[in-house]
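Peer 1: Below: one structure in structure tokens.
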Amino acid sequence: MKRGKFVTFFAVLAVVLLSGGCGSSTSQDKPLAVNSVQADKNGSNPSDKDQTKPQQQTMSKPGPFKNGEFGRIDLTKEKYDKLGIDDGAKVLDGGILIDIRNLWEREVDQPVEAEKALLIYEIRELGAGGREDYGKRRLNPNFVKEVTDYVKGDKNRKIILICHTGSRSAKAAKLLSENGFTNVYDIEGGFAEWEKHFHTEKYSQTYQAN
């Protein structure tokens, strides 16, 4: 009899082990960890939050000019006459100076503060004898886009334009203003006036293509 009880006990134990310990999982079983990193309630991966987000460019505040308006800087005024020859940057007052002349014009001389990029308003070419061929003058159709790209779309940035006498720069400033730029100025009298007051330098080897 004792032997029969032992046999029955082990038989019952085997059934329990097979059904509970080694059988298929039930609704009470803990789910297996398939991924070491699981998504949160919103479906995003927690590790994504650790990635640095790209910083957005800070745009300048709108300038003082409405569509078609621009400012003119007269270097003959008393406040500029008091500046020294090394103080050309004070005329800009935080703005950038863009020389809109052609490369051959700038190779002679240009303000040391001028940007190095080639942002030409009117294309002018030299003819025979090193003189300009007036019949080949034509506007640069990409001027507005090139300036826009140069300032990374910040049409509120303060921009000062300069040419040789102030004629082209005034037209270019008006064109930019008509295309959404709100803080554009030009140098009245152009480079001819600038070189009377401030340092200039030859930049024949330092220009950057757009």
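If you're wondering about the labels, chains in the structure tokens are A, B, ... by order shown, residues count from 1 in each chain, ligands from 1 in order shown.
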Please return, as a PyMOL selection string, all residues of segment 53-87 of chain A that DSSP assigns to strand (DSSP E) on the basis of the backbone.

Peer 2: chain A and resi 71-74

Peer 1: Show which residues sit within 6 Å of segment 132-149 of chain A, as JSON, numbers by chain. Count only C-alpha atoms, and ignore same-chain residues fewer than 6 positions away.

Peer 2: {"A": [121, 122, 123, 124, 125, 126]}

Peer 1: How close does segment 44-125 of chain A get to segment 155-177 of chain A? List, as a tab-separated table, each residue of segment 44-125 of chain A within 10 Å, its nearest atom pair and the distance in Å to one decimal, counting only C-alpha atoms.

Peer 2:
```
residue	atom	partner	partner_atom	distance
A:Met59	CA	A:Asn156	CA	7.3
A:Ser60	CA	A:Asn156	CA	5.3
A:Lys61	CA	A:Asn156	CA	6.0
A:Pro62	CA	A:Asn156	CA	4.9
A:Gly63	CA	A:Asn156	CA	5.7
A:Pro64	CA	A:Asn156	CA	9.3
A:Phe65	CA	A:Ser177	CA	7.8
A:Lys66	CA	A:Ser177	CA	7.4
A:Asn67	CA	A:Ser177	CA	5.4
A:Gly68	CA	A:Ser177	CA	4.9
A:Glu69	CA	A:Ser177	CA	6.1
A:Phe70	CA	A:Ala173	CA	6.3
A:Gly71	CA	A:Ala173	CA	8.3
A:Arg72	CA	A:Ala170	CA	7.9
A:Ile73	CA	A:Ile160	CA	8.7
A:Val91	CA	A:Ile160	CA	9.4
A:Leu92	CA	A:Ile160	CA	7.0
A:Asp93	CA	A:Lys158	CA	8.8
A:Gly94	CA	A:Lys158	CA	7.3
A:Gly95	CA	A:Lys158	CA	4.6
A:Ile96	CA	A:Ile159	CA	5.2
A:Leu97	CA	A:Ile160	CA	4.8
A:Ile98	CA	A:Leu161	CA	4.9
A:Asp99	CA	A:Ile162	CA	4.9
A:Ile100	CA	A:Cys163	CA	5.7
A:Arg101	CA	A:Cys163	CA	5.4
A:Asn102	CA	A:Cys163	CA	9.1
A:Glu105	CA	A:His164	CA	8.5
A:Arg106	CA	A:Cys163	CA	9.5
A:Gln110	CA	A:Cys163	CA	9.5
A:Pro111	CA	A:Ile162	CA	9.2
A:Ala114	CA	A:Ile162	CA	8.8
A:Ile120	CA	A:Ala172	CA	9.6
A:Tyr121	CA	A:Ala172	CA	6.5
A:Glu122	CA	A:Arg168	CA	7.6
```

Peer 1: Using only C-alpha atoms, find the one residue out of A:Ala117, A:Lys152, A:Thr182, A:Val108 that sits nearest to Glu195 of chain A.

Peer 2: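 The closest residue to Glu195 of chain A is A:Val108.
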